[in-house]
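Have a look at start_29.cif below; it lists mmCIF, C-alpha atoms.
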data_structure
loop_
_atom_site.label_atom_id
_atom_site.label_comp_id
_atom_site.auth_asym_id
_atom_site.auth_seq_id
_atom_site.Cartn_x
_atom_site.Cartn_y
_atom_site.Cartn_z
CA MET A 5 0.39 -17.46 20.26
CA SER A 6 2.97 -19.61 18.48
CA SER A 7 5.18 -22.04 20.33
CA GLY A 8 8.20 -21.52 18.06
CA LEU A 9 10.60 -24.26 16.99
CA ARG A 10 10.52 -27.57 18.83
CA THR A 11 13.06 -29.55 16.79
CA PRO A 12 16.73 -29.28 17.89
CA ARG A 13 18.94 -27.89 15.16
CA PRO A 14 22.67 -28.41 14.54
CA LEU A 15 25.09 -25.65 15.47
CA PHE A 16 27.23 -24.01 12.82
CA ALA A 17 29.56 -21.05 13.00
CA PRO A 18 27.81 -17.74 12.23
CA LEU A 19 28.89 -15.83 9.14
CA SER A 20 30.57 -12.46 9.57
CA PRO A 21 29.03 -9.56 7.60
CA SER A 22 31.69 -9.92 4.89
CA GLN A 23 31.24 -13.71 4.74
CA ALA A 24 27.46 -13.28 4.52
CA ARG A 25 27.78 -10.78 1.67
CA SER A 26 30.19 -13.05 -0.22
CA TRP A 27 28.04 -16.15 0.18
CA LEU A 28 24.80 -14.40 -0.80
CA ARG A 29 26.51 -12.80 -3.79
CA ALA A 30 27.69 -16.26 -4.88
CA LEU A 31 24.11 -17.56 -4.61
CA GLU A 32 22.96 -15.08 -7.26
CA ARG A 33 24.59 -17.24 -9.93
CA PHE A 34 21.85 -19.83 -9.39
CA GLY A 35 19.35 -17.31 -10.78
CA VAL A 36 15.61 -18.05 -10.65
CA LYS A 37 14.65 -21.68 -10.06
CA LEU A 38 10.98 -22.67 -10.10
CA GLY A 39 9.87 -25.45 -7.80
CA LEU A 40 9.36 -26.16 -4.10
CA ASP A 41 11.16 -29.48 -3.49
CA ASN A 42 14.44 -27.92 -2.37
CA VAL A 43 12.77 -25.47 -0.01
CA ARG A 44 10.65 -28.19 1.54
CA MET A 45 13.68 -30.43 2.05
CA LEU A 46 15.66 -27.62 3.67
CA LEU A 47 12.77 -26.64 5.93
CA ARG A 48 12.23 -30.26 6.96
CA ALA A 49 15.89 -30.53 7.99
CA LEU A 50 15.40 -27.43 10.15
CA GLY A 51 12.22 -28.54 11.90
CA ASP A 52 9.66 -26.92 9.54
CA PRO A 53 9.83 -23.43 11.07
CA HIS A 54 7.16 -22.14 8.65
CA LYS A 55 4.59 -24.24 10.51
CA ALA A 56 5.27 -22.51 13.84
CA PHE A 57 3.07 -19.48 13.09
CA PRO A 58 -0.02 -18.53 11.05
CA SER A 59 0.41 -16.34 8.00
CA LEU A 60 -1.21 -14.20 5.33
CA HIS A 61 0.14 -14.78 1.81
CA VAL A 62 0.10 -11.99 -0.79
CA ALA A 63 0.73 -12.27 -4.55
CA GLY A 64 0.11 -9.87 -7.43
CA THR A 65 1.80 -7.90 -10.17
CA ASN A 66 1.48 -4.51 -8.48
CA GLY A 67 0.56 -3.42 -4.99
CA LYS A 68 1.54 -6.57 -3.12
CA GLY A 69 4.34 -4.86 -1.15
CA SER A 70 2.07 -1.99 -0.15
CA VAL A 71 -0.74 -4.38 0.82
CA CYS A 72 1.72 -6.37 2.94
CA ALA A 73 2.85 -3.18 4.69
CA MET A 74 -0.78 -2.25 5.36
CA LEU A 75 -1.65 -5.70 6.71
CA ASP A 76 1.39 -5.60 8.98
CA ALA A 77 0.57 -2.09 10.26
CA ALA A 78 -3.07 -2.97 10.99
CA LEU A 79 -2.18 -6.19 12.80
CA ARG A 80 0.40 -4.38 14.93
CA ALA A 81 -2.12 -1.62 15.68
CA ASP A 82 -4.37 -4.39 17.00
CA GLY A 83 -1.65 -5.62 19.36
CA ARG A 84 -0.27 -8.56 17.34
CA LYS A 85 3.43 -9.41 17.17
CA THR A 86 4.07 -9.59 13.44
CA GLY A 87 6.65 -10.92 11.03
CA LEU A 88 6.92 -9.22 7.63
CA TYR A 89 8.78 -10.75 4.68
CA THR A 90 9.03 -8.70 1.48
CA SER A 91 11.27 -8.26 -1.56
CA PRO A 92 13.32 -6.75 -3.02
CA HIS A 93 15.18 -4.56 -0.56
CA LEU A 94 16.19 -1.00 -1.43
CA VAL A 95 19.39 -0.37 0.53
CA ASP A 96 19.90 -3.05 3.20
CA LEU A 97 19.07 -6.72 2.70
CA ARG A 98 17.75 -6.81 6.27
CA GLU A 99 14.76 -4.70 5.12
CA ARG A 100 13.21 -7.92 3.79
CA ILE A 101 12.82 -9.56 7.21
CA ARG A 102 11.15 -7.60 10.04
CA VAL A 103 9.53 -8.38 13.37
CA ASP A 104 7.19 -5.72 14.74
CA GLY A 105 8.56 -3.32 12.12
CA ARG A 106 12.23 -3.80 13.08
CA MET A 107 14.74 -5.30 10.65
CA ILE A 108 16.50 -8.52 11.59
CA GLY A 109 19.74 -7.75 13.46
CA ARG A 110 23.10 -8.16 11.73
CA ALA A 111 24.33 -10.73 14.27
CA GLU A 112 21.07 -12.67 14.01
CA LEU A 113 21.23 -12.68 10.21
CA GLY A 114 24.85 -13.92 10.32
CA ARG A 115 23.95 -16.69 12.76
CA LEU A 116 21.02 -17.91 10.68
CA LEU A 117 22.97 -17.73 7.42
CA GLY A 118 25.70 -19.82 9.06
CA LEU A 119 23.07 -22.36 10.06
CA LEU A 120 21.65 -22.40 6.52
CA LYS A 121 25.06 -22.75 4.86
CA GLY A 122 26.07 -25.65 7.08
CA THR A 123 22.72 -27.39 6.63
CA ILE A 124 22.77 -26.95 2.85
CA ASP A 125 26.35 -28.26 2.57
CA GLY A 126 25.36 -31.35 4.54
CA LEU A 127 22.22 -31.98 2.47
CA LEU A 128 24.18 -31.61 -0.76
CA ARG A 129 26.85 -34.07 0.46
CA ASP A 130 24.13 -36.58 1.35
CA GLY A 131 22.43 -36.17 -2.02
CA ARG A 132 19.21 -35.01 -0.37
CA LEU A 133 19.11 -31.74 -2.33
CA ASP A 134 18.79 -31.83 -6.11
CA ALA A 135 20.49 -28.45 -6.51
CA HIS A 136 21.86 -25.65 -4.39
CA PRO A 137 19.08 -23.37 -3.09
CA THR A 138 18.89 -19.94 -4.68
CA TYR A 139 19.39 -16.53 -3.10
CA PHE A 140 15.63 -16.05 -2.67
CA GLU A 141 15.10 -19.54 -1.27
CA VAL A 142 17.82 -19.01 1.35
CA LEU A 143 16.41 -15.65 2.46
CA THR A 144 12.89 -17.11 2.63
CA VAL A 145 14.06 -19.87 4.96
CA VAL A 146 16.00 -17.33 7.07
CA ALA A 147 12.77 -15.34 7.46
CA PHE A 148 10.83 -18.43 8.58
CA LEU A 149 13.53 -19.32 11.12
CA HIS A 150 13.65 -15.79 12.50
CA PHE A 151 9.87 -15.55 12.82
CA ALA A 152 9.64 -18.93 14.56
CA GLU A 153 12.41 -18.10 17.00
CA ARG A 154 10.87 -14.74 17.81
CA ARG A 155 7.51 -16.44 18.48
CA ILE A 156 5.47 -14.07 16.37
CA ASP A 157 1.68 -14.12 16.40
CA VAL A 158 1.29 -13.90 12.62
CA ALA A 159 3.43 -13.43 9.49
CA VAL A 160 2.68 -11.40 6.38
CA LEU A 161 4.49 -12.96 3.42
CA GLU A 162 4.98 -11.34 0.02
CA VAL A 163 5.40 -13.63 -2.97
CA GLY A 164 8.65 -12.90 -4.80
CA MET A 165 7.46 -13.75 -8.31
CA GLY A 166 4.43 -15.57 -9.63
CA GLY A 167 3.05 -17.76 -6.88
CA ARG A 168 2.76 -21.43 -7.79
CA PHE A 169 6.49 -22.17 -7.58
CA ASP A 170 7.57 -19.27 -5.37
CA ALA A 171 9.58 -20.29 -2.30
CA THR A 172 6.99 -18.72 0.01
CA ASN A 173 4.31 -21.06 -1.31
CA VAL A 174 5.17 -23.79 1.19
CA VAL A 175 2.82 -22.19 3.73
CA THR A 176 -0.87 -22.88 4.22
CA PRO A 177 -2.02 -19.38 5.17
CA LEU A 178 -5.11 -18.10 6.92
CA VAL A 179 -5.88 -15.92 3.88
CA SER A 180 -4.48 -15.76 0.35
CA VAL A 181 -4.50 -12.36 -1.38
CA ILE A 182 -4.02 -11.60 -5.09
CA THR A 183 -3.76 -7.84 -5.53
CA SER A 184 -3.61 -7.34 -9.30
CA ILE A 185 -2.62 -9.04 -12.55
CA GLY A 186 -0.47 -7.31 -15.17
CA LEU A 187 1.93 -8.26 -17.95
CA ASP A 188 5.19 -8.61 -16.03
CA HIS A 189 7.82 -11.40 -15.86
CA ARG A 190 6.28 -12.91 -18.99
CA GLU A 191 9.40 -14.98 -19.69
CA TYR A 192 8.68 -16.94 -16.50
CA LEU A 193 4.92 -16.64 -15.99
CA GLY A 194 3.46 -16.71 -19.50
CA PRO A 195 2.53 -14.30 -22.29
CA THR A 196 -1.08 -13.51 -21.39
CA LEU A 197 -3.02 -12.15 -18.44
CA ALA A 198 -4.79 -15.49 -18.10
CA ALA A 199 -1.50 -17.40 -17.96
CA ILE A 200 -0.01 -15.00 -15.41
CA ALA A 201 -3.19 -15.15 -13.33
CA GLY A 202 -2.91 -18.95 -13.36
CA GLU A 203 0.60 -18.78 -11.90
CA LYS A 204 -0.39 -16.29 -9.20
CA ALA A 205 -3.50 -18.32 -8.41
CA GLY A 206 -1.08 -21.11 -7.50
CA ILE A 207 -1.06 -19.72 -3.95
CA ILE A 208 -4.73 -20.71 -3.51
CA LYS A 209 -5.08 -23.54 -0.99
CA PRO A 210 -8.07 -25.82 -0.31
CA GLY A 211 -10.47 -24.23 2.14
CA VAL A 212 -8.41 -21.04 2.54
CA PRO A 213 -10.27 -17.82 1.61
CA VAL A 214 -8.79 -16.02 -1.40
CA VAL A 215 -9.19 -12.23 -1.60
CA CYS A 216 -9.21 -11.21 -5.26
CA GLY A 217 -8.22 -7.69 -6.37
CA PRO A 218 -8.77 -7.86 -10.16
CA GLU A 219 -12.21 -6.48 -11.04
CA ARG A 220 -12.91 -8.00 -14.44
CA GLY A 221 -11.55 -9.83 -17.47
CA PRO A 222 -9.64 -13.09 -17.94
CA ALA A 223 -7.58 -12.71 -14.75
CA LEU A 224 -10.69 -12.56 -12.58
CA ALA A 225 -12.18 -15.55 -14.38
CA VAL A 226 -9.04 -17.66 -13.87
CA ILE A 227 -8.75 -16.84 -10.16
CA ARG A 228 -12.44 -17.50 -9.56
CA SER A 229 -12.18 -20.84 -11.37
CA ARG A 230 -9.06 -21.93 -9.44
CA ALA A 231 -10.72 -21.02 -6.15
CA ALA A 232 -13.76 -23.13 -7.06
CA GLU A 233 -11.52 -26.08 -8.01
CA ALA A 234 -9.71 -25.86 -4.67
CA GLY A 235 -12.85 -25.37 -2.60
CA ALA A 236 -11.43 -22.03 -1.46
CA PRO A 237 -13.99 -19.34 -0.48
CA PHE A 238 -13.75 -16.62 -3.18
CA ARG A 239 -13.80 -13.07 -1.80
CA PRO A 240 -13.66 -10.31 -4.46
CA VAL A 241 -12.53 -6.90 -3.25
CA TRP A 242 -15.07 -5.33 -5.61
CA GLY A 243 -18.65 -6.14 -6.46
CA LYS A 244 -21.99 -6.52 -4.72
CA GLY A 245 -21.83 -5.12 -1.20
CA ARG A 246 -18.22 -3.96 -1.69
CA ARG A 247 -17.75 -0.35 -2.82
CA TRP A 248 -14.77 2.03 -2.88
CA GLU A 249 -14.86 5.82 -3.18
CA SER A 250 -12.18 8.49 -3.48
CA ILE A 251 -13.24 11.71 -1.73
CA PRO A 252 -11.31 14.97 -2.39
CA THR A 253 -10.85 17.17 0.70
CA ARG A 254 -8.77 20.23 1.49
CA ALA A 255 -6.31 17.97 3.31
CA GLY A 256 -6.02 15.62 0.30
CA LEU A 257 -7.81 12.47 -0.78
CA ARG A 258 -9.78 10.38 1.69
CA PHE A 259 -11.07 6.95 0.86
CA LEU A 260 -14.23 5.15 1.82
CA TYR A 261 -14.47 1.38 1.50
CA THR A 262 -17.78 -0.25 2.32
CA ILE A 263 -17.83 -3.99 2.69
CA GLU A 264 -20.91 -5.97 3.71
CA GLY A 265 -22.48 -2.98 5.43
CA GLU A 266 -19.41 -1.77 7.36
CA SER A 267 -17.63 1.40 6.23
CA TYR A 268 -13.98 2.33 6.61
CA SER A 269 -13.11 6.01 6.05
CA PHE A 270 -9.39 6.71 6.02
CA LYS A 271 -6.49 8.64 4.51
CA PRO A 272 -3.71 6.11 3.85
CA GLY A 273 -0.20 6.94 4.95
CA LEU A 274 0.87 6.11 1.38
CA LEU A 275 0.31 8.60 -1.44
CA GLY A 276 -1.80 8.03 -4.55
CA SER A 277 -5.36 6.97 -5.31
CA HIS A 278 -4.08 3.48 -6.15
CA GLN A 279 -3.13 3.10 -2.48
CA GLY A 280 -6.79 3.53 -1.58
CA ARG A 281 -7.53 0.50 -3.73
CA ASN A 282 -4.64 -1.43 -2.15
CA ALA A 283 -6.06 -0.52 1.25
CA ALA A 284 -9.43 -1.97 0.22
CA ALA A 285 -7.71 -5.30 -0.54
CA ALA A 286 -6.01 -5.20 2.86
CA ILE A 287 -9.32 -4.52 4.64
CA ALA A 288 -11.03 -7.36 2.78
CA ALA A 289 -8.22 -9.73 3.79
CA LEU A 290 -8.20 -8.67 7.44
CA ARG A 291 -11.94 -9.24 7.70
CA GLU A 292 -11.42 -12.90 6.71
CA LEU A 293 -9.23 -13.62 9.74
CA GLY A 294 -12.14 -13.99 12.13
CA GLY A 295 -13.19 -17.23 10.49
CA SER A 296 -9.77 -18.82 10.91
CA GLY A 297 -10.08 -19.51 14.62
CA ARG A 298 -6.42 -18.53 15.09
CA ILE A 299 -6.22 -14.73 14.68
CA PRO A 300 -9.29 -12.58 15.35
CA THR A 301 -10.24 -9.86 12.90
CA PRO A 302 -8.58 -6.61 14.02
CA SER A 303 -10.99 -3.96 15.26
CA ARG A 304 -12.24 -1.39 12.78
CA GLU A 305 -10.36 1.30 14.72
CA ALA A 306 -7.09 -0.67 14.60
CA ILE A 307 -7.43 -1.26 10.84
CA ILE A 308 -7.96 2.45 10.16
CA ARG A 309 -5.13 3.38 12.53
CA GLY A 310 -2.81 0.98 10.73
CA LEU A 311 -3.77 2.22 7.26
CA GLU A 312 -3.22 5.84 8.24
CA SER A 313 0.12 5.24 9.93
CA VAL A 314 1.69 2.86 7.41
CA ARG A 315 4.98 3.82 5.76
CA TRP A 316 6.55 1.98 2.83
CA GLU A 317 9.74 3.25 1.24
CA GLY A 318 10.07 3.71 -2.50
CA ARG A 319 6.34 4.14 -3.17
CA LEU A 320 5.80 7.82 -3.98
CA GLU A 321 8.20 8.49 -1.14
CA ILE A 322 9.23 12.12 -0.71
CA ILE A 323 12.99 12.42 -0.05
CA GLY A 324 13.55 16.13 -0.68
CA ARG A 325 11.99 19.56 -0.91
CA ARG A 326 12.73 22.57 -3.11
CA PRO A 327 12.35 20.87 -5.47
CA THR A 328 10.07 18.11 -4.22
CA VAL A 329 11.67 14.75 -5.06
CA TYR A 330 9.52 11.62 -5.29
CA LEU A 331 10.81 8.06 -5.50
CA ASP A 332 8.72 5.24 -6.96
CA GLY A 333 9.61 1.89 -8.51
CA ALA A 334 6.97 2.16 -11.29
CA HIS A 335 8.68 -0.70 -13.16
CA ASN A 336 5.77 -1.75 -15.38
CA GLU A 337 2.84 -0.22 -17.23
CA GLU A 338 0.31 -0.51 -14.41
CA GLY A 339 2.70 1.08 -11.91
CA ALA A 340 3.72 3.87 -14.28
CA ARG A 341 0.10 4.66 -15.06
CA ALA A 342 -0.73 4.92 -11.33
CA VAL A 343 2.20 7.27 -10.66
CA ALA A 344 1.33 9.41 -13.69
CA ARG A 345 -2.24 9.68 -12.39
CA PHE A 346 -0.97 10.86 -8.99
CA LEU A 347 1.23 13.52 -10.57
CA ARG A 348 -1.62 14.69 -12.77
CA GLU A 349 -3.95 14.99 -9.77
CA GLU A 350 -1.58 16.26 -7.09
CA VAL A 351 1.36 18.09 -8.72
CA ARG A 352 1.07 21.48 -10.35
CA GLY A 353 2.89 21.78 -13.64
CA PRO A 354 5.23 19.37 -15.44
CA PHE A 355 7.96 17.47 -13.66
CA VAL A 356 11.51 16.33 -14.42
CA LEU A 357 11.89 12.56 -14.67
CA VAL A 358 14.98 10.53 -13.75
CA PHE A 359 14.50 7.12 -15.33
CA ALA A 360 16.19 3.71 -15.55
CA MET A 361 14.76 0.27 -16.22
CA MET A 362 15.77 -3.37 -16.41
CA LYS A 363 16.16 -5.15 -19.76
CA ASP A 364 13.46 -7.70 -18.99
CA LYS A 365 10.75 -5.05 -18.66
CA ALA A 366 8.44 -3.72 -21.39
CA VAL A 367 10.14 -0.32 -21.48
CA ARG A 368 7.90 1.37 -24.05
CA ARG A 369 4.68 0.27 -22.39
CA ALA A 370 5.75 1.71 -19.03
CA ALA A 371 7.90 4.68 -19.99
CA ARG A 372 5.44 6.44 -22.31
CA HIS A 373 3.09 7.16 -19.38
CA LEU A 374 5.86 9.07 -17.59
CA PHE A 375 7.82 10.51 -20.52
CA ALA A 376 4.82 12.24 -22.13
CA PRO A 377 3.88 14.54 -19.20
CA ALA A 378 7.51 15.19 -18.12
CA ARG A 379 9.16 18.53 -18.92
CA ARG A 380 12.58 16.86 -19.24
CA VAL A 381 13.76 13.26 -18.98
CA VAL A 382 17.17 12.33 -17.56
CA LEU A 383 18.08 8.74 -18.47
CA THR A 384 20.55 7.10 -16.14
CA GLY A 385 22.21 3.74 -15.58
CA LEU A 386 22.53 1.09 -12.88
CA PRO A 387 25.44 -1.24 -12.03
CA TYR A 388 23.55 -4.45 -12.81
CA VAL A 389 23.86 -6.85 -15.73
CA ARG A 390 20.07 -6.75 -16.14
CA ALA A 391 19.99 -2.93 -16.35
CA MET A 392 19.11 -1.33 -19.68
CA LYS A 393 21.69 1.17 -20.93
CA PRO A 394 20.45 4.79 -21.05
CA GLU A 395 21.09 4.96 -24.79
CA ALA A 396 19.01 1.80 -25.30
CA VAL A 397 16.08 3.37 -23.42
CA ALA A 398 16.44 6.50 -25.57
CA GLY A 399 16.47 4.36 -28.71
CA ALA A 400 13.25 2.65 -27.66
CA LEU A 401 11.44 6.01 -27.31
CA PRO A 402 12.77 8.20 -30.14
CA GLU A 403 9.69 10.46 -30.14
CA PHE A 404 10.89 11.96 -26.82
CA ALA A 405 14.47 12.64 -27.97
CA ALA A 406 14.06 16.43 -27.90
CA LYS A 407 13.53 16.51 -24.13
CA THR A 408 15.83 13.62 -23.19
CA VAL A 409 19.37 13.84 -21.79
CA LEU A 410 21.68 10.99 -20.78
CA GLU A 411 23.61 10.88 -17.52
CA PRO A 412 24.78 7.34 -16.66
CA ASP A 413 25.61 8.11 -13.02
CA PRO A 414 22.46 8.16 -10.81
CA GLY A 415 23.89 10.74 -8.39
CA ARG A 416 24.79 13.17 -11.14
CA ALA A 417 21.46 12.44 -12.86
CA LEU A 418 19.56 13.46 -9.73
CA ARG A 419 21.61 16.64 -9.31
CA LEU A 420 20.97 17.53 -12.96
CA ALA A 421 17.24 16.89 -12.58
CA ARG A 422 17.04 19.05 -9.45
CA GLY A 423 18.70 21.88 -11.31
CA LEU A 424 16.36 21.52 -14.28
CA ALA A 425 13.29 21.48 -12.01
CA GLY A 426 14.30 24.52 -9.95
CA PRO A 427 13.38 25.05 -6.29
CA ASP A 428 9.65 25.28 -6.98
CA GLY A 429 9.52 22.26 -9.27
CA THR A 430 9.13 18.50 -8.96
CA VAL A 431 11.44 15.58 -9.68
CA LEU A 432 10.29 11.98 -10.07
CA VAL A 433 12.81 9.14 -9.86
CA ALA A 434 11.19 6.02 -11.33
CA GLY A 435 11.44 2.94 -13.53
CA SER A 436 13.00 0.42 -11.16
CA LEU A 437 13.23 -0.28 -7.45
CA TYR A 438 16.94 -0.80 -8.09
CA LEU A 439 17.12 2.86 -9.15
CA VAL A 440 15.17 3.86 -6.04
CA GLY A 441 17.68 1.94 -3.93
CA ALA A 442 20.65 3.52 -5.70
CA VAL A 443 19.28 7.02 -5.05
CA LYS A 444 18.46 6.25 -1.42
CA LYS A 445 22.04 5.14 -0.88
CA LEU A 446 23.16 8.63 -1.86
CA GLY A 447 21.40 10.04 1.20
CA ARG A 448 19.06 12.96 1.31
CA PRO A 449 19.67 15.36 -1.62
CA ALA A 450 21.54 18.51 -0.69
#
Could you write out this file's structure as structure tokens?
Amino acid sequence: MSSGLRTPRPLFAPLSPSQARSWLRALERFGVKLGLDNVRMLLRALGDPHKAFPSLHVAGTNGKGSVCAMLDAALRADGRKTGLYTSPHLVDLRERIRVDGRMIGRAELGRLLGLLKGTIDGLLRDGRLDAHPTYFEVLTVVAFLHFAERRIDVAVLEVGMGGRFDATNVVTPLVSVITSIGLDHREYLGPTLAAIAGEKAGIIKPGVPVVCGPERGPALAVIRSRAAEAGAPFRPVWGKGRRWESIPTRAGLRFLYTIEGESYSFKPGLLGSHQGRNAAAAIAALRELGGSGRIPTPSREAIIRGLESVRWEGRLEIIGRRPTVYLDGAHNEEGARAVARFLREEVRGPFVLVFAMMKDKAVRRAARHLFAPARRVVLTGLPYVRAMKPEAVAGALPEFAAKTVLEPDPGRALRLARGLAGPDGTVLVAGSLYLVGAVKKLGRPA
């Protein structure tokens, strides 16, 4: 459907895998930079690849990665060639950039990074860039280039953080989606739900439908108000004519979402009742495509097929049996509460928790939901400056000291937890997607 890039681009030497790793690692020193001027300048120099395809744009505190995976799966089930851009990755950086479910190739990534590095160096020499683009900005532009060159039909783009100043916010999508609002990244987005909602509502564009996941409270009010200001059709996931049900069956939970008289009955490929709610947001967004004139609404059958087949690593992912080992990021209170609800509903008996978290997270707010029902808690560490030391986590939750042990090495922590759980027990690894990635790198538990 898309014609791809039309503007000739300069040729630069591709980066080898080791050169790519070194350059990207060096970019991390630029940290988080809010603003879109640099990204727009870089894209303009490369022929505006983000304008070569239509997109769906997804923001939110929790659930946005899962909703993106569901949107991508449903669109592919309907025969569309899709691009999917998400963050962070768990094991391989190439996970962030996929076409039709397949990660960008190593050679292709090296070629595009070489192009970006040469273009950035030239723009900096000419004084056309105010500052060096960040790690996230560079990867976002790589994704746009890859999608344009592969002539995708439609892209699904996950906001990295916030929305208003996120590098992905240069697109004018067919649909904007805001999955949920919670108290996360407060140092960047603001101290209240209303302030955070305002930043995430920054993805709303004039005339573009906005699908709103929050059901009530100040977040809903802010998003509704911003949509009205922008002249963007406001589409709540919940409310009059839009109803969601969780239906227990012998084969597990099924979900029923009814929207404007049409019902979707499905069992998502992702575990947990919260994924039924994420699926409702995906359905509501997909139904808006028909009005765009560019991508038709996928058939009801394709949507259900996509929801039931979707896979998304690190979200209640099972990586071992005897004992059963679940991985989930659960890096904030809303995520931890959802995982605790799943364990309460689906797992018999207490579980053993392997836990690590980053310093910038509200550790007490999240951890208490998982520490309280756990039989034992194994606190571990991560090789990142932002990682909270195990002893610091223990100090923040002294009431759980009697059932807490410290094992700084994630591999040894998992082996200890498996032993404590026994073959008939359950282990949950949670608290950070960085921890999930570290455990996945170990391979399948023995």
Query raised in the report: Given the file above and the PyMOL selection byres ((chain A and resi 327) around 9), which residues are selected, and can you give them as a VMD selection string?
Result: chain A and resid 324 to 326 328 to 329 422 to 423 425 to 431
Limited to C-alpha atoms, could you put the picked residues into a file as a PDB file, in the coordinates of the input?
ATOM      1  CA  GLY A 324      13.550  16.130  -0.680  1.00  0.00           C
ATOM      2  CA  ARG A 325      11.990  19.560  -0.910  1.00  0.00           C
ATOM      3  CA  ARG A 326      12.730  22.570  -3.110  1.00  0.00           C
ATOM      4  CA  THR A 328      10.070  18.110  -4.220  1.00  0.00           C
ATOM      5  CA  VAL A 329      11.670  14.750  -5.060  1.00  0.00           C
ATOM      6  CA  ARG A 422      17.040  19.050  -9.450  1.00  0.00           C
ATOM      7  CA  GLY A 423      18.700  21.880 -11.310  1.00  0.00           C
ATOM      8  CA  ALA A 425      13.290  21.480 -12.010  1.00  0.00           C
ATOM      9  CA  GLY A 426      14.300  24.520  -9.950  1.00  0.00           C
ATOM     10  CA  PRO A 427      13.380  25.050  -6.290  1.00  0.00           C
ATOM     11  CA  ASP A 428       9.650  25.280  -6.980  1.00  0.00           C
ATOM     12  CA  GLY A 429       9.520  22.260  -9.270  1.00  0.00           C
ATOM     13  CA  THR A 430       9.130  18.500  -8.960  1.00  0.00           C
ATOM     14  CA  VAL A 431      11.440  15.580  -9.680  1.00  0.00           C
TER      15      VAL A 431
END
Query raised in the report: Selected by the PyMOL selection byres ((chain A and resi 264) around 8) in the shown coordinates: which residues, as a list in words?
Result: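 Listing what the PyMOL selection byres ((chain A and resi 264) around 8) selects in the shown file: Gly245, Arg246, Thr262, Ile263, Gly265 and Glu266 of chain A.
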Requested in this report: Find the residues near Gly243 of chain A: any atom within 12 Å, counting all atoms listed in the file, skip ones fewer than 4 places away on the same chain, and give them as a ChimeraX atom specification.
Outcome: /A:216-220,224,239,247-248,261-264
Write the residues you've just listed into a file as a short mmCIF file (atom, residue, chain, number, x, y, z; two decimals), in the coordinates of the input, and include C-alpha atoms for each of them.
data_model
loop_
_atom_site.label_atom_id
_atom_site.label_comp_id
_atom_site.auth_asym_id
_atom_site.auth_seq_id
_atom_site.Cartn_x
_atom_site.Cartn_y
_atom_site.Cartn_z
CA CYS A 216 -9.21 -11.21 -5.26
CA GLY A 217 -8.22 -7.69 -6.37
CA PRO A 218 -8.77 -7.86 -10.16
CA GLU A 219 -12.21 -6.48 -11.04
CA ARG A 220 -12.91 -8.00 -14.44
CA LEU A 224 -10.69 -12.56 -12.58
CA ARG A 239 -13.80 -13.07 -1.80
CA ARG A 247 -17.75 -0.35 -2.82
CA TRP A 248 -14.77 2.03 -2.88
CA TYR A 261 -14.47 1.38 1.50
CA THR A 262 -17.78 -0.25 2.32
CA ILE A 263 -17.83 -3.99 2.69
CA GLU A 264 -20.91 -5.97 3.71
#
All residues 8 Å or closer to segment 23-30 of chain A, all atoms listed in the file, same chain fewer than 3 positions away omitted, as a compact mmCIF listing (two decimals) with C-alpha atoms, keeping the file's coordinate frame:
# COMPACT_ATOMS: atom_id res chain seq x y z
CA LEU A 19 28.89 -15.83 9.14
CA SER A 20 30.57 -12.46 9.57
CA ARG A 33 24.59 -17.24 -9.93
CA GLY A 114 24.85 -13.92 10.32
CA LEU A 117 22.97 -17.73 7.42
CA TYR A 139 19.39 -16.53 -3.10
Requested in this report: Name the closest residue to Ser250 of chain A among the candidates A:Lys209, A:Arg281, A:His93, A:His54; distances are taken between atoms, counting only C-alpha atoms.
Outcome: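 Ranking A:Lys209, A:Arg281, A:His93, A:His54 by distance to Ser250 of chain A, first place goes to A:Arg281.
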Exactly which residues make up the result of the PyMOL selection byres ((chain A and resi 58) around 9) on this file, given as a compact mmCIF listing (two decimals) with C-alpha atoms, in the frame of the given file?
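The result, stored in part20.txt:
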# COMPACT_ATOMS: atom_id res chain seq x y z
CA SER A 6 2.97 -19.61 18.48
CA HIS A 54 7.16 -22.14 8.65
CA LYS A 55 4.59 -24.24 10.51
CA ALA A 56 5.27 -22.51 13.84
CA PHE A 57 3.07 -19.48 13.09
CA SER A 59 0.41 -16.34 8.00
CA LEU A 60 -1.21 -14.20 5.33
CA ILE A 156 5.47 -14.07 16.37
CA ASP A 157 1.68 -14.12 16.40
CA VAL A 158 1.29 -13.90 12.62
CA ALA A 159 3.43 -13.43 9.49
CA VAL A 160 2.68 -11.40 6.38
CA VAL A 175 2.82 -22.19 3.73
CA THR A 176 -0.87 -22.88 4.22
CA PRO A 177 -2.02 -19.38 5.17
CA LEU A 178 -5.11 -18.10 6.92
CA ARG A 298 -6.42 -18.53 15.09
CA ILE A 299 -6.22 -14.73 14.68
